[in-house]
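The structure appears right after this line, and notes come after that.
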Amino acid sequence: MMGRYDRQMRFEPFGESGQRALREANIFVLGAGALGSASAEMLVRAGVGRLTIVDRDVLEWTNLHRQQLYTESDVERQLPKAAAAHERLTAINRDVTIEHHVVDITSENILSLVEGHTAVLDATDNLETRLLANDACLQLGIPFFMGACVGSYGMTFPIGLREEEPCLHCLLETLPPEAATCDTVGVISPIVVTVAAWQTAQLLRYLAGETWQPTLQSTNLWTDEHASIRVTSLKKESCPSCSNEPVYPFLRAVHETEASVLCGRETVQLRLPLQRAIDLQTFASIFERAGSTPVVNQHLVSGHWNDYRIVFFKDGRILVHGTNDPKKARSLVASMTG
Amino acid sequence: MTIQLNGQAYDVPVHVSTIQQLLEHLNIDHRILVIEHNATILEKDAYDAPIRDRDQIEVIHFVGGG
């Protein structure tokens with residue numbers, strides 16, 4: 001039933017050929033939170049052929065103000081986001097083949113999950129997973145449409161469209177000790193749909209066969225600031241992810257937050273990737289901003305976060321008390337550290 | 001001194017005279033950043049570059065959320 005896409009095909013730069021390319025595409029949406037909800041809904045309404053959506057989390061009331069695919073009943077039923085997304089997306093357009101996975105994306109599963117897709121849309125909530133996806137997409141040779149937002153601020157950059165452009169690893173080099181997250185500084189929904197719109201538009205242009213000079217873009221909807229920077233000069237010839245002899249370091253587990261369940265203690269231990277240092281004072285102030293009174297000494301900082309007690313050790317270990325679920329523990333820590 | 005910061009006129013406080021001081025004033029000096037100063041991307045070791053009236057500065061910082 002192509003008639004339903006008539007107004008889209010009448011848009012000349014996209015046209016019937018763009019619609020056909022979209023129909024043949026298989027898009028991987030990495031995350032079913034705010035960005036993932038918005039971009040998956042746009043793609044499914046637009047008539048993408050196949051779409052895979054992946055997320056590790058279960059719905060919570062605090063998601064509903066910005067995660068547009070979900071309803072109060074989904075939260076009451078305690079549905080995993082990816083499963084609820086699948087249900088809603090199928091109701092929007094039954095012609096689209098949807099696949100969903102309730103999993104934690106790791107270096108062990110990302111290649112097999114992403115392989116065979118046309119492109120990956122970034123909708124994750126932390127930089128570590130973005131760097132993992134950056135490596136996976138570079139290795140598989142598919143574009144990665146990066147996007148992120150917090151507060152009223154959002155940013156985007158498409159990776160893998162042109163060889164002379166930097167990848168995310170060139171731009172970031174290392175993970176910061178703390179990146180702002182929606183749980184630490186909040187978020188309003190208009191920035192979510194703005195960033196998702198940028199990413200989805202880039203994807204539609206790519207599928208329609210357009211070529212363009214990609215720029216690193218950001219906007220702050222509250223202060224009306226915009227920035228757009230051509231970052232070609234930041235491409236690093238020695239980048240371990242996109243040089244001529246790439247080693248894809250984030251696909252090796254050593255660069256990833258490791259999780260182990262401490263039996264009988266309702267506690268999960270996480271270990272941050274080696275290159276990511278823990279600055280105790282930074283985490284103390286995150287706890288304080290959340291209304292918790294952390295305990296800090298020379299070895300650790302311990303505080304409460306969403307009803308869980310979390311202890312950060314200087315050596316890179318983190319204990320999450322109150323759960324036996326590594327996915328939950330990773331998710332809580334990602335919500336603090338980004 | 002007034003500069004163009006991310007597309008908007010911005011009055012630089014008197015105690016700010018370098019890019020580094022501007023980042024500290026904006027409270028984004030601890031973030032991972034890409035900075036363009038008068039159409040040139042600055043490497044980290046060039047953040048002590050002086051700011052002059054009517055400079056064009058674009059700053060993009062990386063965030064975790066989504």
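Order determines the names: the first chain of the structure tokens is A, the second B, and so forth; residues in each chain are numbered 1 upward, and ligands are numbered 1 upward as they are shown.
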
Residues of chain B classed as alpha helix (DSSP H) by DSSP on the backbone are to be reported as a list in words.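 For chain B, the alpha helix (DSSP H) set is Ile19, Gln20, Gln21, Leu22, Leu23, Glu24 and His25 of chain B.
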
Keeping only N, CA and C atoms, write those residues as a compact mmCIF listing (two decimals), in the first residue's frame.
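And here's part03.txt as it stands now:
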# COMPACT_ATOMS: atom_id res chain seq x y z
N ILE B 19 40.21 31.57 25.71
CA ILE B 19 39.23 30.53 25.47
C ILE B 19 39.05 29.68 26.74
N GLN B 20 40.17 29.31 27.37
CA GLN B 20 40.10 28.49 28.58
C GLN B 20 39.23 29.16 29.66
N GLN B 21 39.45 30.46 29.85
CA GLN B 21 38.67 31.17 30.86
C GLN B 21 37.19 31.24 30.47
N LEU B 22 36.94 31.33 29.18
CA LEU B 22 35.54 31.33 28.74
C LEU B 22 34.88 29.99 29.05
N LEU B 23 35.61 28.89 28.78
CA LEU B 23 35.05 27.55 29.04
C LEU B 23 34.77 27.38 30.54
N GLU B 24 35.69 27.91 31.38
CA GLU B 24 35.48 27.82 32.82
C GLU B 24 34.27 28.66 33.22
N HIS B 25 34.16 29.84 32.64
CA HIS B 25 33.02 30.70 32.95
C HIS B 25 31.70 30.03 32.56

Check every residue of chain A for an atom within 6 Å of chain B, counting only C-alpha atoms, and provide those that qualify as a JSON list (two decimals) with C-alpha atoms, in the first residue's frame.
[["chain", "number", "residue", "atom", "x", "y", "z"],
["A", 35, "LEU", "CA", 15.48, 9.24, 20.96],
["A", 123, "ALA", "CA", 19.49, 6.22, 20.74],
["A", 124, "THR", "CA", 21.61, 5.04, 23.59],
["A", 125, "ASP", "CA", 22.02, 6.90, 26.87],
["A", 126, "ASN", "CA", 25.76, 6.75, 27.38],
["A", 127, "LEU", "CA", 29.04, 7.42, 25.61],
["A", 148, "ALA", "CA", 22.57, 12.69, 22.08],
["A", 149, "CYS", "CA", 20.67, 15.10, 24.29],
["A", 150, "VAL", "CA", 20.20, 16.30, 27.85],
["A", 179, "ALA", "CA", 28.99, 13.22, 30.93],
["A", 180, "ALA", "CA", 25.68, 14.88, 31.67],
["A", 181, "THR", "CA", 22.74, 12.47, 31.58],
["A", 182, "CYS", "CA", 18.97, 12.88, 31.64],
["A", 225, "GLU", "CA", 22.05, 28.73, 20.54],
["A", 226, "HIS", "CA", 23.19, 26.80, 17.48],
["A", 227, "ALA", "CA", 26.60, 25.54, 16.44],
["A", 338, "GLY", "CA", 26.54, 8.95, 30.86]]

I need the strand (DSSP E) residues of chain B per DSSP on the backbone, written as a list in words.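 Taking chain B and keeping strand (DSSP E) gives Thr2, Ile3, Gln4, Leu5, Gln8, Ala9, Tyr10, Asp11, Leu33, Val34, Ile35, Glu36, His37, Thr40, Ile41, Gln56, Ile57, Glu58, Val59, Ile60 and His61 of chain B.
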
Keeping N, CA and C atoms, export the residues of the selection given above as a tab-separated table (two decimals), in the first residue's frame.
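The file below, again-v8.tsv, is the result:
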chain	number	residue	atom	x	y	z
B	2	THR	N	32.29	42.08	23.00
B	2	THR	CA	31.17	41.24	22.58
B	2	THR	C	31.64	40.28	21.49
B	3	ILE	N	31.34	39.01	21.69
B	3	ILE	CA	31.70	38.02	20.68
B	3	ILE	C	30.43	37.37	20.14
B	4	GLN	N	30.60	36.60	19.09
B	4	GLN	CA	29.50	35.81	18.55
B	4	GLN	C	29.71	34.38	19.06
B	5	LEU	N	28.87	33.94	19.98
B	5	LEU	CA	29.04	32.61	20.57
B	5	LEU	C	27.87	31.73	20.17
B	8	GLN	N	25.06	33.63	18.63
B	8	GLN	CA	24.39	34.72	19.35
B	8	GLN	C	25.42	35.70	19.89
B	9	ALA	N	25.03	36.97	19.96
B	9	ALA	CA	25.91	37.98	20.56
B	9	ALA	C	26.09	37.65	22.03
B	10	TYR	N	27.32	37.71	22.50
B	10	TYR	CA	27.60	37.34	23.89
B	10	TYR	C	28.58	38.34	24.49
B	11	ASP	N	28.18	38.97	25.60
B	11	ASP	CA	29.06	39.93	26.29
B	11	ASP	C	30.01	39.16	27.20
B	33	LEU	N	35.08	18.58	24.34
B	33	LEU	CA	34.59	19.71	23.55
B	33	LEU	C	35.21	19.73	22.16
B	34	VAL	N	34.49	20.32	21.24
B	34	VAL	CA	35.08	20.74	19.96
B	34	VAL	C	34.84	22.24	19.87
B	35	ILE	N	35.92	23.00	19.67
B	35	ILE	CA	35.81	24.46	19.67
B	35	ILE	C	36.33	25.01	18.35
B	36	GLU	N	35.54	25.88	17.77
B	36	GLU	CA	35.97	26.56	16.56
B	36	GLU	C	36.11	28.05	16.89
B	37	HIS	N	37.31	28.59	16.65
B	37	HIS	CA	37.60	29.99	16.95
B	37	HIS	C	37.90	30.69	15.64
B	40	THR	N	38.55	28.28	12.79
B	40	THR	CA	39.63	27.29	12.94
B	40	THR	C	39.37	26.44	14.18
B	41	ILE	N	39.48	25.12	14.02
B	41	ILE	CA	39.29	24.25	15.19
B	41	ILE	C	40.51	24.33	16.09
B	56	GLN	N	34.37	35.05	16.48
B	56	GLN	CA	33.29	34.08	16.26
B	56	GLN	C	33.71	32.77	16.92
B	57	ILE	N	32.95	32.34	17.91
B	57	ILE	CA	33.31	31.11	18.62
B	57	ILE	C	32.13	30.14	18.61
B	58	GLU	N	32.42	28.90	18.23
B	58	GLU	CA	31.40	27.85	18.31
B	58	GLU	C	31.94	26.78	19.24
B	59	VAL	N	31.13	26.36	20.17
B	59	VAL	CA	31.55	25.33	21.13
B	59	VAL	C	30.49	24.24	21.14
B	60	ILE	N	30.93	23.00	20.93
B	60	ILE	CA	30.01	21.86	21.04
B	60	ILE	C	30.58	20.92	22.09
B	61	HIS	N	29.78	20.58	23.08
B	61	HIS	CA	30.25	19.61	24.08
B	61	HIS	C	29.46	18.31	23.95

Between atom CA of B:Ile51 and atom CA of A:Lys236, what distance in Å does the model show, to one decimal? 27.2 Å

Who sits within 12 Å of A:Ser189, only C-alpha atoms, same chain under 2 positions skipped, as a ChimeraX atom specification: /A:33-35,37-38,63-68,149-154,182,186-187,191-196,221-222 /B:66

Residue neighbourhood A:Pro326, 10 Å, only C-alpha atoms, exclusion window fewer than 6 positions, as number ranges by chain: A: 104, 258-261, 267-270, 320, 332

Export N, CA and C atoms of the chosen residues as a PDB file, in the first residue's frame?
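Saved the output as selection-v4.pdb:
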ATOM      1  N   ASP A 104      21.238  -6.156  26.957  1.00  0.00           N
ATOM      2  CA  ASP A 104      22.261  -5.169  27.232  1.00  0.00           C
ATOM      3  C   ASP A 104      23.256  -5.274  26.075  1.00  0.00           C
ATOM      4  N   GLU A 258      32.512  -4.056  33.039  1.00  0.00           N
ATOM      5  CA  GLU A 258      32.231  -5.478  33.320  1.00  0.00           C
ATOM      6  C   GLU A 258      31.281  -5.597  34.494  1.00  0.00           C
ATOM      7  N   ALA A 259      30.433  -6.602  34.463  1.00  0.00           N
ATOM      8  CA  ALA A 259      29.492  -6.781  35.570  1.00  0.00           C
ATOM      9  C   ALA A 259      29.619  -8.181  36.151  1.00  0.00           C
ATOM     10  N   SER A 260      29.560  -8.296  37.475  1.00  0.00           N
ATOM     11  CA  SER A 260      29.461  -9.612  38.086  1.00  0.00           C
ATOM     12  C   SER A 260      28.527  -9.521  39.286  1.00  0.00           C
ATOM     13  N   VAL A 261      27.725 -10.577  39.470  1.00  0.00           N
ATOM     14  CA  VAL A 261      26.746 -10.575  40.561  1.00  0.00           C
ATOM     15  C   VAL A 261      27.426 -11.156  41.795  1.00  0.00           C
ATOM     16  N   THR A 267      23.751  -7.650  45.242  1.00  0.00           N
ATOM     17  CA  THR A 267      24.715  -6.629  44.840  1.00  0.00           C
ATOM     18  C   THR A 267      25.356  -7.021  43.514  1.00  0.00           C
ATOM     19  N   VAL A 268      25.497  -6.045  42.650  1.00  0.00           N
ATOM     20  CA  VAL A 268      26.227  -6.271  41.401  1.00  0.00           C
ATOM     21  C   VAL A 268      27.500  -5.432  41.441  1.00  0.00           C
ATOM     22  N   GLN A 269      28.602  -6.064  41.075  1.00  0.00           N
ATOM     23  CA  GLN A 269      29.849  -5.302  40.966  1.00  0.00           C
ATOM     24  C   GLN A 269      30.113  -4.986  39.505  1.00  0.00           C
ATOM     25  N   LEU A 270      30.388  -3.730  39.237  1.00  0.00           N
ATOM     26  CA  LEU A 270      30.751  -3.314  37.880  1.00  0.00           C
ATOM     27  C   LEU A 270      32.196  -2.849  37.898  1.00  0.00           C
ATOM     28  N   VAL A 320      26.693  -1.906  43.183  1.00  0.00           N
ATOM     29  CA  VAL A 320      25.302  -1.463  43.172  1.00  0.00           C
ATOM     30  C   VAL A 320      24.534  -2.394  44.103  1.00  0.00           C
ATOM     31  N   LEU A 332      21.592   1.823  35.934  1.00  0.00           N
ATOM     32  CA  LEU A 332      21.661   2.837  37.002  1.00  0.00           C
ATOM     33  C   LEU A 332      22.956   3.636  36.898  1.00  0.00           C
TER      34      LEU A 332
END

What does the structure give for the distance between atom CA of A:Leu138 and atom CA of A:Phe28, in Å to one decimal?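 Taking atom CA of A:Leu138 and atom CA of A:Phe28, their separation equals 14.5 Å.
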